Every structure is written in C-alpha cells, then in structure tokens.
file final-v1.txt (compact mmCIF, N, CA and C atoms)
# COMPACT_ATOMS: atom_id res chain seq x y z
N MET K 147 -45.70 -0.96 -51.53
CA MET K 147 -46.58 -0.01 -50.90
C MET K 147 -46.33 -0.03 -49.40
N LEU K 148 -46.38 1.11 -48.80
CA LEU K 148 -46.16 1.22 -47.37
C LEU K 148 -47.37 0.72 -46.60
N SER K 149 -47.10 0.21 -45.43
CA SER K 149 -48.17 -0.28 -44.56
C SER K 149 -48.90 0.90 -43.93
N LEU K 150 -50.22 0.78 -43.82
CA LEU K 150 -51.00 1.86 -43.22
C LEU K 150 -50.80 1.93 -41.71
N PHE K 151 -50.63 0.79 -41.08
CA PHE K 151 -50.44 0.75 -39.64
C PHE K 151 -49.16 -0.04 -39.32
N PRO K 152 -48.00 0.56 -39.50
CA PRO K 152 -46.75 -0.20 -39.30
C PRO K 152 -46.52 -0.61 -37.85
N ASP K 153 -47.11 0.10 -36.91
CA ASP K 153 -46.92 -0.28 -35.50
C ASP K 153 -47.58 -1.60 -35.16
N LEU K 154 -48.62 -1.98 -35.90
CA LEU K 154 -49.30 -3.25 -35.62
C LEU K 154 -48.47 -4.45 -36.03
N LEU K 155 -47.48 -4.25 -36.89
CA LEU K 155 -46.62 -5.36 -37.30
C LEU K 155 -45.72 -5.84 -36.16
N THR K 156 -45.63 -5.05 -35.10
CA THR K 156 -44.88 -5.46 -33.92
C THR K 156 -45.53 -6.67 -33.26
N PHE K 157 -46.85 -6.77 -33.39
CA PHE K 157 -47.60 -7.86 -32.78
C PHE K 157 -47.83 -9.00 -33.75
N GLY K 158 -46.83 -9.34 -34.54
CA GLY K 158 -46.94 -10.39 -35.54
C GLY K 158 -47.15 -11.77 -34.95
N LEU K 159 -46.72 -11.97 -33.71
CA LEU K 159 -46.90 -13.28 -33.07
C LEU K 159 -48.29 -13.45 -32.46
N LEU K 160 -49.09 -12.40 -32.50
CA LEU K 160 -50.43 -12.49 -31.94
C LEU K 160 -51.37 -13.28 -32.85
N ALA K 161 -51.19 -13.20 -34.15
CA ALA K 161 -52.06 -13.91 -35.09
C ALA K 161 -51.96 -15.43 -34.94
N PRO K 162 -50.75 -16.04 -34.90
CA PRO K 162 -50.70 -17.49 -34.68
C PRO K 162 -51.24 -17.89 -33.30
N PHE K 163 -51.09 -17.01 -32.33
CA PHE K 163 -51.61 -17.29 -30.99
C PHE K 163 -53.14 -17.40 -31.02
N ILE K 164 -53.79 -16.48 -31.72
CA ILE K 164 -55.26 -16.49 -31.81
C ILE K 164 -55.73 -17.70 -32.61
N ILE K 165 -55.04 -18.01 -33.71
CA ILE K 165 -55.41 -19.18 -34.51
C ILE K 165 -55.20 -20.46 -33.71
N ARG K 166 -54.11 -20.53 -32.95
CA ARG K 166 -53.82 -21.71 -32.14
C ARG K 166 -54.88 -21.94 -31.08
N LEU K 167 -55.28 -20.88 -30.39
CA LEU K 167 -56.31 -21.03 -29.36
C LEU K 167 -57.66 -21.42 -29.96
N THR K 168 -58.01 -20.82 -31.09
CA THR K 168 -59.29 -21.13 -31.73
C THR K 168 -59.33 -22.57 -32.23
N LEU K 169 -58.29 -22.99 -32.91
CA LEU K 169 -58.25 -24.36 -33.44
C LEU K 169 -58.23 -25.39 -32.31
N GLY K 170 -57.41 -25.16 -31.31
CA GLY K 170 -57.34 -26.09 -30.20
C GLY K 170 -58.64 -26.17 -29.42
N LEU K 171 -59.26 -25.02 -29.15
CA LEU K 171 -60.51 -25.02 -28.40
C LEU K 171 -61.63 -25.68 -29.18
N PHE K 172 -61.67 -25.47 -30.50
CA PHE K 172 -62.68 -26.14 -31.31
C PHE K 172 -62.57 -27.65 -31.19
N TYR K 173 -61.36 -28.18 -31.35
CA TYR K 173 -61.20 -29.63 -31.32
C TYR K 173 -61.34 -30.21 -29.91
N ILE K 174 -61.08 -29.43 -28.88
CA ILE K 174 -61.33 -29.91 -27.52
C ILE K 174 -62.83 -30.05 -27.30
N VAL K 175 -63.60 -29.03 -27.67
CA VAL K 175 -65.05 -29.08 -27.48
C VAL K 175 -65.68 -30.13 -28.40
N TRP K 176 -65.28 -30.15 -29.67
CA TRP K 176 -65.81 -31.10 -30.63
C TRP K 176 -65.46 -32.54 -30.22
N GLY K 177 -64.21 -32.76 -29.80
CA GLY K 177 -63.79 -34.08 -29.40
C GLY K 177 -64.49 -34.55 -28.14
N ASN K 178 -64.70 -33.65 -27.19
CA ASN K 178 -65.40 -34.01 -25.96
C ASN K 178 -66.83 -34.45 -26.27
N LYS K 179 -67.48 -33.72 -27.15
CA LYS K 179 -68.86 -34.07 -27.51
C LYS K 179 -68.91 -35.42 -28.23
N HIS K 180 -68.02 -35.65 -29.17
CA HIS K 180 -68.04 -36.89 -29.94
C HIS K 180 -67.50 -38.08 -29.15
N LEU K 181 -66.60 -37.84 -28.20
CA LEU K 181 -66.13 -38.96 -27.37
C LEU K 181 -67.26 -39.49 -26.50
N ARG K 182 -68.11 -38.61 -26.03
CA ARG K 182 -69.26 -39.07 -25.24
C ARG K 182 -70.21 -39.90 -26.09
N ILE K 183 -70.36 -39.56 -27.37
CA ILE K 183 -71.23 -40.32 -28.26
C ILE K 183 -70.62 -41.67 -28.60
N VAL K 184 -69.32 -41.68 -28.96
CA VAL K 184 -68.68 -42.91 -29.41
C VAL K 184 -68.49 -43.88 -28.24
N TRP K 185 -68.09 -43.37 -27.07
CA TRP K 185 -67.86 -44.26 -25.93
C TRP K 185 -69.11 -44.47 -25.10
N GLY K 186 -70.14 -43.71 -25.37
CA GLY K 186 -71.38 -43.87 -24.64
C GLY K 186 -72.25 -44.94 -25.26
N LYS K 187 -73.52 -44.86 -24.98
CA LYS K 187 -74.46 -45.85 -25.48
C LYS K 187 -74.74 -45.70 -26.97
N GLY K 188 -74.47 -44.50 -27.54
CA GLY K 188 -74.74 -44.29 -28.95
C GLY K 188 -73.78 -45.01 -29.86
N GLY K 189 -72.59 -45.38 -29.36
CA GLY K 189 -71.60 -46.03 -30.19
C GLY K 189 -71.78 -47.53 -30.32
N ARG K 190 -72.67 -48.12 -29.56
CA ARG K 190 -72.83 -49.57 -29.60
C ARG K 190 -73.60 -50.04 -30.83
N ASN K 191 -74.30 -49.17 -31.48
CA ASN K 191 -75.07 -49.56 -32.66
C ASN K 191 -74.26 -49.46 -33.95
N MET K 192 -72.98 -49.09 -33.87
CA MET K 192 -72.15 -48.91 -35.06
C MET K 192 -71.55 -50.24 -35.49
N ASP K 193 -71.10 -50.27 -36.75
CA ASP K 193 -70.32 -51.38 -37.26
C ASP K 193 -68.99 -51.42 -36.49
N HIS K 194 -68.39 -52.60 -36.33
CA HIS K 194 -67.20 -52.74 -35.50
C HIS K 194 -66.03 -51.91 -36.02
N LEU K 195 -65.77 -51.95 -37.33
CA LEU K 195 -64.66 -51.19 -37.91
C LEU K 195 -64.92 -49.69 -37.83
N VAL K 196 -66.15 -49.29 -38.09
CA VAL K 196 -66.50 -47.86 -37.99
C VAL K 196 -66.36 -47.39 -36.55
N TRP K 197 -66.74 -48.24 -35.61
CA TRP K 197 -66.65 -47.88 -34.20
C TRP K 197 -65.20 -47.65 -33.78
N TRP K 198 -64.27 -48.54 -34.18
CA TRP K 198 -62.86 -48.36 -33.82
C TRP K 198 -62.24 -47.18 -34.55
N THR K 199 -62.60 -46.99 -35.82
CA THR K 199 -62.06 -45.86 -36.57
C THR K 199 -62.53 -44.54 -35.98
N SER K 200 -63.80 -44.45 -35.65
CA SER K 200 -64.31 -43.21 -35.09
C SER K 200 -63.75 -42.98 -33.69
N ARG K 201 -63.59 -44.02 -32.92
CA ARG K 201 -63.02 -43.88 -31.58
C ARG K 201 -61.59 -43.37 -31.66
N PHE K 202 -60.79 -43.95 -32.54
CA PHE K 202 -59.39 -43.53 -32.68
C PHE K 202 -59.29 -42.11 -33.21
N SER K 203 -60.05 -41.77 -34.25
CA SER K 203 -59.93 -40.45 -34.86
C SER K 203 -60.42 -39.34 -33.93
N VAL K 204 -61.49 -39.59 -33.20
CA VAL K 204 -61.99 -38.57 -32.27
C VAL K 204 -61.04 -38.40 -31.10
N LEU K 205 -60.48 -39.47 -30.59
CA LEU K 205 -59.52 -39.37 -29.50
C LEU K 205 -58.25 -38.66 -29.95
N ALA K 206 -57.77 -38.96 -31.16
CA ALA K 206 -56.59 -38.29 -31.70
C ALA K 206 -56.86 -36.80 -31.90
N ALA K 207 -58.06 -36.43 -32.38
CA ALA K 207 -58.40 -35.02 -32.56
C ALA K 207 -58.48 -34.31 -31.22
N PHE K 208 -59.04 -34.97 -30.21
CA PHE K 208 -59.14 -34.37 -28.87
C PHE K 208 -57.76 -34.13 -28.27
N LEU K 209 -56.88 -35.13 -28.34
CA LEU K 209 -55.54 -34.99 -27.76
C LEU K 209 -54.69 -33.99 -28.54
N ALA K 210 -54.82 -33.98 -29.86
CA ALA K 210 -54.09 -32.99 -30.66
C ALA K 210 -54.62 -31.59 -30.40
N GLY K 211 -55.92 -31.46 -30.15
CA GLY K 211 -56.50 -30.16 -29.80
C GLY K 211 -55.94 -29.64 -28.50
N ILE K 212 -55.77 -30.52 -27.52
CA ILE K 212 -55.16 -30.11 -26.25
C ILE K 212 -53.71 -29.69 -26.47
N SER K 213 -53.00 -30.44 -27.30
CA SER K 213 -51.61 -30.12 -27.60
C SER K 213 -51.47 -28.77 -28.29
N VAL K 214 -52.33 -28.51 -29.26
CA VAL K 214 -52.27 -27.23 -29.98
C VAL K 214 -52.70 -26.09 -29.07
N PHE K 215 -53.72 -26.29 -28.27
CA PHE K 215 -54.21 -25.24 -27.37
C PHE K 215 -53.13 -24.85 -26.36
N ALA K 216 -52.42 -25.84 -25.83
CA ALA K 216 -51.38 -25.56 -24.84
C ALA K 216 -50.09 -25.06 -25.48
N GLY K 217 -49.90 -25.34 -26.75
CA GLY K 217 -48.66 -24.95 -27.41
C GLY K 217 -47.52 -25.90 -27.12
N LEU K 218 -47.84 -27.12 -26.75
CA LEU K 218 -46.84 -28.14 -26.44
C LEU K 218 -46.85 -29.16 -27.57
N TYR K 219 -45.71 -29.37 -28.22
CA TYR K 219 -45.62 -30.20 -29.43
C TYR K 219 -46.64 -29.71 -30.46
N MET K 220 -46.65 -28.42 -30.67
CA MET K 220 -47.67 -27.78 -31.48
C MET K 220 -47.60 -28.19 -32.95
N GLN K 221 -46.40 -28.35 -33.50
CA GLN K 221 -46.30 -28.71 -34.91
C GLN K 221 -46.79 -30.13 -35.16
N VAL K 222 -46.53 -31.03 -34.24
CA VAL K 222 -47.04 -32.40 -34.38
C VAL K 222 -48.56 -32.39 -34.27
N GLY K 223 -49.09 -31.65 -33.29
CA GLY K 223 -50.53 -31.54 -33.13
C GLY K 223 -51.20 -30.89 -34.33
N ALA K 224 -50.56 -29.86 -34.89
CA ALA K 224 -51.13 -29.19 -36.06
C ALA K 224 -51.12 -30.12 -37.28
N LEU K 225 -50.09 -30.93 -37.41
CA LEU K 225 -50.04 -31.88 -38.52
C LEU K 225 -51.13 -32.94 -38.38
N VAL K 226 -51.33 -33.42 -37.17
CA VAL K 226 -52.39 -34.41 -36.91
C VAL K 226 -53.76 -33.78 -37.17
N LEU K 227 -53.97 -32.56 -36.70
CA LEU K 227 -55.26 -31.90 -36.91
C LEU K 227 -55.51 -31.58 -38.38
N ALA K 228 -54.46 -31.25 -39.13
CA ALA K 228 -54.63 -31.00 -40.56
C ALA K 228 -55.04 -32.28 -41.28
N ALA K 229 -54.39 -33.39 -40.95
CA ALA K 229 -54.74 -34.67 -41.58
C ALA K 229 -56.15 -35.11 -41.19
N LEU K 230 -56.49 -34.97 -39.91
CA LEU K 230 -57.83 -35.36 -39.47
C LEU K 230 -58.90 -34.43 -40.03
N SER K 231 -58.59 -33.16 -40.18
CA SER K 231 -59.56 -32.23 -40.77
C SER K 231 -59.86 -32.60 -42.22
N LEU K 232 -58.82 -32.98 -42.96
CA LEU K 232 -59.05 -33.42 -44.34
C LEU K 232 -59.82 -34.74 -44.37
N PHE K 233 -59.55 -35.62 -43.43
CA PHE K 233 -60.29 -36.88 -43.32
C PHE K 233 -61.76 -36.63 -43.00
N PHE K 234 -62.02 -35.74 -42.05
CA PHE K 234 -63.41 -35.43 -41.69
C PHE K 234 -64.11 -34.68 -42.82
N ALA K 235 -63.39 -33.84 -43.55
CA ALA K 235 -64.00 -33.13 -44.68
C ALA K 235 -64.40 -34.10 -45.78
N TYR K 236 -63.61 -35.15 -45.96
CA TYR K 236 -63.95 -36.15 -46.97
C TYR K 236 -65.12 -37.02 -46.53
N ASN K 237 -65.18 -37.36 -45.25
CA ASN K 237 -66.20 -38.30 -44.77
C ASN K 237 -67.50 -37.64 -44.35
N GLU K 238 -67.51 -36.36 -44.03
CA GLU K 238 -68.73 -35.68 -43.60
C GLU K 238 -69.03 -34.53 -44.56
N PRO K 239 -69.81 -34.80 -45.61
CA PRO K 239 -70.05 -33.76 -46.62
C PRO K 239 -70.85 -32.57 -46.10
N SER K 240 -71.62 -32.74 -45.04
CA SER K 240 -72.43 -31.62 -44.55
C SER K 240 -71.56 -30.54 -43.90
N THR K 241 -70.41 -30.90 -43.38
CA THR K 241 -69.52 -29.91 -42.74
C THR K 241 -68.18 -29.82 -43.47
N ARG K 242 -68.19 -30.04 -44.76
CA ARG K 242 -66.95 -30.06 -45.54
C ARG K 242 -66.22 -28.72 -45.51
N VAL K 243 -66.94 -27.63 -45.68
CA VAL K 243 -66.30 -26.31 -45.71
C VAL K 243 -65.67 -25.98 -44.36
N GLN K 244 -66.36 -26.31 -43.30
CA GLN K 244 -65.85 -26.05 -41.96
C GLN K 244 -64.53 -26.79 -41.73
N PHE K 245 -64.47 -28.06 -42.08
CA PHE K 245 -63.25 -28.82 -41.85
C PHE K 245 -62.13 -28.43 -42.82
N LEU K 246 -62.46 -27.96 -44.00
CA LEU K 246 -61.41 -27.46 -44.90
C LEU K 246 -60.79 -26.17 -44.35
N LEU K 247 -61.62 -25.31 -43.76
CA LEU K 247 -61.08 -24.11 -43.13
C LEU K 247 -60.23 -24.45 -41.91
N LEU K 248 -60.64 -25.45 -41.15
CA LEU K 248 -59.83 -25.89 -40.01
C LEU K 248 -58.51 -26.50 -40.47
N ALA K 249 -58.52 -27.21 -41.60
CA ALA K 249 -57.27 -27.74 -42.15
C ALA K 249 -56.35 -26.61 -42.59
N ALA K 250 -56.90 -25.56 -43.17
CA ALA K 250 -56.09 -24.41 -43.56
C ALA K 250 -55.49 -23.73 -42.33
N MET K 251 -56.26 -23.64 -41.25
CA MET K 251 -55.73 -23.07 -40.00
C MET K 251 -54.60 -23.93 -39.45
N ALA K 252 -54.77 -25.25 -39.50
CA ALA K 252 -53.74 -26.15 -38.99
C ALA K 252 -52.47 -26.07 -39.83
N PHE K 253 -52.61 -26.00 -41.15
CA PHE K 253 -51.43 -25.87 -42.01
C PHE K 253 -50.72 -24.54 -41.79
N SER K 254 -51.48 -23.47 -41.56
CA SER K 254 -50.83 -22.18 -41.31
C SER K 254 -50.06 -22.20 -39.99
N LEU K 255 -50.58 -22.89 -38.99
CA LEU K 255 -49.84 -23.02 -37.73
C LEU K 255 -48.61 -23.89 -37.89
N LEU K 256 -48.69 -24.87 -38.76
CA LEU K 256 -47.55 -25.75 -38.98
C LEU K 256 -46.35 -24.97 -39.50
N PHE K 257 -46.60 -23.98 -40.34
CA PHE K 257 -45.50 -23.22 -40.95
C PHE K 257 -45.18 -21.92 -40.23
N SER K 258 -46.14 -21.34 -39.50
CA SER K 258 -45.88 -20.05 -38.87
C SER K 258 -45.39 -20.15 -37.43
N GLY K 259 -45.64 -21.24 -36.77
CA GLY K 259 -45.21 -21.38 -35.38
C GLY K 259 -46.37 -21.20 -34.42
N ALA K 260 -46.06 -21.24 -33.13
CA ALA K 260 -47.10 -21.25 -32.11
C ALA K 260 -47.54 -19.87 -31.66
N GLY K 261 -46.72 -18.86 -31.83
CA GLY K 261 -47.09 -17.53 -31.36
C GLY K 261 -46.73 -17.33 -29.89
N PHE K 262 -47.44 -16.40 -29.27
CA PHE K 262 -47.19 -16.08 -27.87
C PHE K 262 -47.63 -17.20 -26.95
N PHE K 263 -47.04 -17.22 -25.74
CA PHE K 263 -47.46 -18.09 -24.64
C PHE K 263 -47.52 -19.57 -25.03
N ALA K 264 -46.46 -20.07 -25.62
CA ALA K 264 -46.39 -21.48 -25.99
C ALA K 264 -45.16 -22.10 -25.34
N PHE K 265 -45.24 -23.40 -25.14
CA PHE K 265 -44.08 -24.11 -24.57
C PHE K 265 -43.04 -24.39 -25.65
N ASP K 266 -43.46 -24.50 -26.92
CA ASP K 266 -42.54 -24.73 -28.02
C ASP K 266 -41.84 -23.43 -28.37
N LEU K 267 -40.55 -23.46 -28.45
CA LEU K 267 -39.78 -22.28 -28.81
C LEU K 267 -39.05 -22.58 -30.13
N PRO K 268 -39.03 -21.61 -31.04
CA PRO K 268 -38.27 -21.83 -32.28
C PRO K 268 -36.78 -21.84 -32.01
N LEU K 269 -36.08 -22.69 -32.74
CA LEU K 269 -34.62 -22.77 -32.54
C LEU K 269 -33.90 -21.71 -33.32

call {"tool": "encode", "arguments": {"input": "final-v1.txt", "output": "structure tokens"}}
result
Amino acid sequence: MLSLFPDLLTFGLLAPFIIRLTLGLFYIVWGNKHLRIVWGKGGRNMDHLVWWTSRFSVLAAFLAGISVFAGLYMQVGALVLAALSLFFAYNEPSTRVQFLLLAAMAFSLLFSGAGFFAFDLPL
C-alpha cells in the first residue's frame, strides 16, 4: 500500500532523535531526584547492600541518561538503560508499565541509531 504522506518519510531520523531526548531527559531528572534521596539523609536508614545497589543503579541510570541525551556513546547508554529499566520494572511493581515502556524505547534506540544532532555517527 502506498504511503499517505510520502514526504514525511524524509524526516526518518527525527523519530529516534525525539525518543533519544525523551529517554535521556527522563533518566536525568529521575536520577537527579533519586541521587539526592540515596546520597542524602534518606539513604542512611537502608540496609547496607540495598544502599550500595541503589546508589550504583541510580548513578548508572543518571550517567547513561546523560550519554543518551547527548548522543555520545548512545548505543552503550541505551543498552545500560534497557537493562536498568528491566531491573527497575522487576523491583518496583507500582511503576512496572512505565519502566517496560522505557525499556522498549531504549531497545528501539539500540537498533535504530541516535537520529539527528548526535555525536555518534553510523559507519
């Protein structure tokens, strides 16, 4: 079947760009909020192993979010965010659907590329 708007297919790199900015900005904001909790006074009441696990996972999500948002080492950042999204979906049942959708966004970026305005260039 023919496309209804064939001229819009020219902007095929715009979709990964929008997904990349949304995913990266979400994890930057989410990571900033949770880093303040884990490294602040709220994290002292946690179990020692839970405290280190949450500190590492939130810091990794924050740094991968910056990487994906900037488009620098985007595939590595998307792979880290996909794994962490599945980890958070398993551990936080109240936000399971949200993190599964974020994992789907990260996997789509892993295979589609960074889109416009990225430092990573396809070979």

call {"tool": "closest_residue", "arguments": {"input": "final-v1.txt", "among": "K:Ala235, K:Val226, K:Ala260, K:Leu155", "to": "Leu167 of chain K", "atoms": "all atoms listed in the file"}}
result
K:Ala260

call {"tool": "select_by_dssp", "arguments": {"input": "final-v1.txt", "residues": "segment 152-261 of chain K", "states": "alpha helix (DSSP H)", "output": "number ranges by chain"}}
result
K: 160-185, 194-216, 220-237, 242-258

call {"tool": "residues_near_point", "arguments": {"input": "final-v1.txt", "point": "(-47.4, -24.3, -38.4)", "cutoff": "8 Å", "atoms": "only N, CA and C atoms", "output": "list of chain:residue names"}}
result
K:Met220, K:Gln221, K:Val222, K:Ala224, K:Leu225, K:Met251, K:Ala252, K:Phe253, K:Ser254, K:Leu255, K:Leu256, K:Phe257, K:Ser258, K:Gly259, K:Ala260

call {"tool": "residues_around", "arguments": {"input": "final-v1.txt", "residues": "Gly177 of chain K", "least_positions_apart": "3", "cutoff": "8 Å", "atoms": "all atoms listed in the file", "output": "PyMOL selection string"}}
result
chain K and resi 171-174+180-183+203-209

call {"tool": "write_last_selection", "arguments": {"input": "final-v1.txt", "atoms": "N, CA and C atoms", "output": "PDB file, in the frame of the given file"}}
result
ATOM      1  N   LEU K 171     -59.260 -25.020 -29.150  1.00  0.00           N
ATOM      2  CA  LEU K 171     -60.510 -25.020 -28.400  1.00  0.00           C
ATOM      3  C   LEU K 171     -61.630 -25.680 -29.180  1.00  0.00           C
ATOM      4  N   PHE K 172     -61.670 -25.470 -30.500  1.00  0.00           N
ATOM      5  CA  PHE K 172     -62.680 -26.140 -31.310  1.00  0.00           C
ATOM      6  C   PHE K 172     -62.570 -27.650 -31.190  1.00  0.00           C
ATOM      7  N   TYR K 173     -61.360 -28.180 -31.350  1.00  0.00           N
ATOM      8  CA  TYR K 173     -61.200 -29.630 -31.320  1.00  0.00           C
ATOM      9  C   TYR K 173     -61.340 -30.210 -29.910  1.00  0.00           C
ATOM     10  N   ILE K 174     -61.080 -29.430 -28.880  1.00  0.00           N
ATOM     11  CA  ILE K 174     -61.330 -29.910 -27.520  1.00  0.00           C
ATOM     12  C   ILE K 174     -62.830 -30.050 -27.300  1.00  0.00           C
ATOM     13  N   HIS K 180     -68.020 -35.650 -29.170  1.00  0.00           N
ATOM     14  CA  HIS K 180     -68.040 -36.890 -29.940  1.00  0.00           C
ATOM     15  C   HIS K 180     -67.500 -38.080 -29.150  1.00  0.00           C
ATOM     16  N   LEU K 181     -66.600 -37.840 -28.200  1.00  0.00           N
ATOM     17  CA  LEU K 181     -66.130 -38.960 -27.370  1.00  0.00           C
ATOM     18  C   LEU K 181     -67.260 -39.490 -26.500  1.00  0.00           C
ATOM     19  N   ARG K 182     -68.110 -38.610 -26.030  1.00  0.00           N
ATOM     20  CA  ARG K 182     -69.260 -39.070 -25.240  1.00  0.00           C
ATOM     21  C   ARG K 182     -70.210 -39.900 -26.090  1.00  0.00           C
ATOM     22  N   ILE K 183     -70.360 -39.560 -27.370  1.00  0.00           N
ATOM     23  CA  ILE K 183     -71.230 -40.320 -28.260  1.00  0.00           C
ATOM     24  C   ILE K 183     -70.620 -41.670 -28.600  1.00  0.00           C
ATOM     25  N   SER K 203     -60.050 -41.770 -34.250  1.00  0.00           N
ATOM     26  CA  SER K 203     -59.930 -40.450 -34.860  1.00  0.00           C
ATOM     27  C   SER K 203     -60.420 -39.340 -33.930  1.00  0.00           C
ATOM     28  N   VAL K 204     -61.490 -39.590 -33.200  1.00  0.00           N
ATOM     29  CA  VAL K 204     -61.990 -38.570 -32.270  1.00  0.00           C
ATOM     30  C   VAL K 204     -61.040 -38.400 -31.100  1.00  0.00           C
ATOM     31  N   LEU K 205     -60.480 -39.470 -30.590  1.00  0.00           N
ATOM     32  CA  LEU K 205     -59.520 -39.370 -29.500  1.00  0.00           C
ATOM     33  C   LEU K 205     -58.250 -38.660 -29.950  1.00  0.00           C
ATOM     34  N   ALA K 206     -57.770 -38.960 -31.160  1.00  0.00           N
ATOM     35  CA  ALA K 206     -56.590 -38.290 -31.700  1.00  0.00           C
ATOM     36  C   ALA K 206     -56.860 -36.800 -31.900  1.00  0.00           C
ATOM     37  N   ALA K 207     -58.060 -36.430 -32.380  1.00  0.00           N
ATOM     38  CA  ALA K 207     -58.400 -35.020 -32.560  1.00  0.00           C
ATOM     39  C   ALA K 207     -58.480 -34.310 -31.220  1.00  0.00           C
ATOM     40  N   PHE K 208     -59.040 -34.970 -30.210  1.00  0.00           N
ATOM     41  CA  PHE K 208     -59.140 -34.370 -28.870  1.00  0.00           C
ATOM     42  C   PHE K 208     -57.760 -34.130 -28.270  1.00  0.00           C
ATOM     43  N   LEU K 209     -56.880 -35.130 -28.340  1.00  0.00           N
ATOM     44  CA  LEU K 209     -55.540 -34.990 -27.760  1.00  0.00           C
ATOM     45  C   LEU K 209     -54.690 -33.990 -28.540  1.00  0.00           C
TER      46      LEU K 209
END

call {"tool": "closest_residue", "arguments": {"input": "final-v1.txt", "among": "K:Leu232, K:Ala264, K:Gly211, K:Asn178", "to": "Phe245 of chain K", "atoms": "only N, CA and C atoms"}}
result
K:Leu232

call {"tool": "atom_distance", "arguments": {"input": "final-v1.txt", "atom1": "atom C of Ala216 of chain K", "atom2": "atom C of Leu159 of chain K"}}
result
13.7 Å

call {"tool": "residues_around", "arguments": {"input": "final-v1.txt", "residues": "Gly217 of chain K", "least_positions_apart": "4", "cutoff": "6.5 Å", "atoms": "only N, CA and C atoms", "output": "PyMOL selection string"}}
result
chain K and resi 212-213+260+263-266

call {"tool": "write_last_selection", "arguments": {"input": "final-v1.txt", "atoms": "N, CA and C atoms", "output": "compact mmCIF listing (two decimals), in the coordinates of the input"}}
result
# COMPACT_ATOMS: atom_id res chain seq x y z
N ILE K 212 -55.77 -30.52 -27.52
CA ILE K 212 -55.16 -30.11 -26.25
C ILE K 212 -53.71 -29.69 -26.47
N SER K 213 -53.00 -30.44 -27.30
CA SER K 213 -51.61 -30.12 -27.60
C SER K 213 -51.47 -28.77 -28.29
N ALA K 260 -46.06 -21.24 -33.13
CA ALA K 260 -47.10 -21.25 -32.11
C ALA K 260 -47.54 -19.87 -31.66
N PHE K 263 -47.04 -17.22 -25.74
CA PHE K 263 -47.46 -18.09 -24.64
C PHE K 263 -47.52 -19.57 -25.03
N ALA K 264 -46.46 -20.07 -25.62
CA ALA K 264 -46.39 -21.48 -25.99
C ALA K 264 -45.16 -22.10 -25.34
N PHE K 265 -45.24 -23.40 -25.14
CA PHE K 265 -44.08 -24.11 -24.57
C PHE K 265 -43.04 -24.39 -25.65
N ASP K 266 -43.46 -24.50 -26.92
CA ASP K 266 -42.54 -24.73 -28.02
C ASP K 266 -41.84 -23.43 -28.37

call {"tool": "atom_distance", "arguments": {"input": "final-v1.txt", "atom1": "atom N of Leu227 of chain K", "atom2": "atom CA of Val214 of chain K"}}
result
8.7 Å

call {"tool": "closest_residue", "arguments": {"input": "final-v1.txt", "among": "K:Val243, K:Ala161, K:Ala250, K:Val175", "to": "Ala228 of chain K", "atoms": "only C-alpha atoms"}}
result
K:Ala250

call {"tool": "closest_residue", "arguments": {"input": "final-v1.txt", "among": "K:Leu169, K:Gly158, K:Phe233, K:Phe151", "to": "Ala210 of chain K", "atoms": "only C-alpha atoms"}}
result
K:Leu169

call {"tool": "atom_distance", "arguments": {"input": "final-v1.txt", "atom1": "atom C of Gln244 of chain K", "atom2": "atom C of Trp185 of chain K"}}
result
24.7 Å
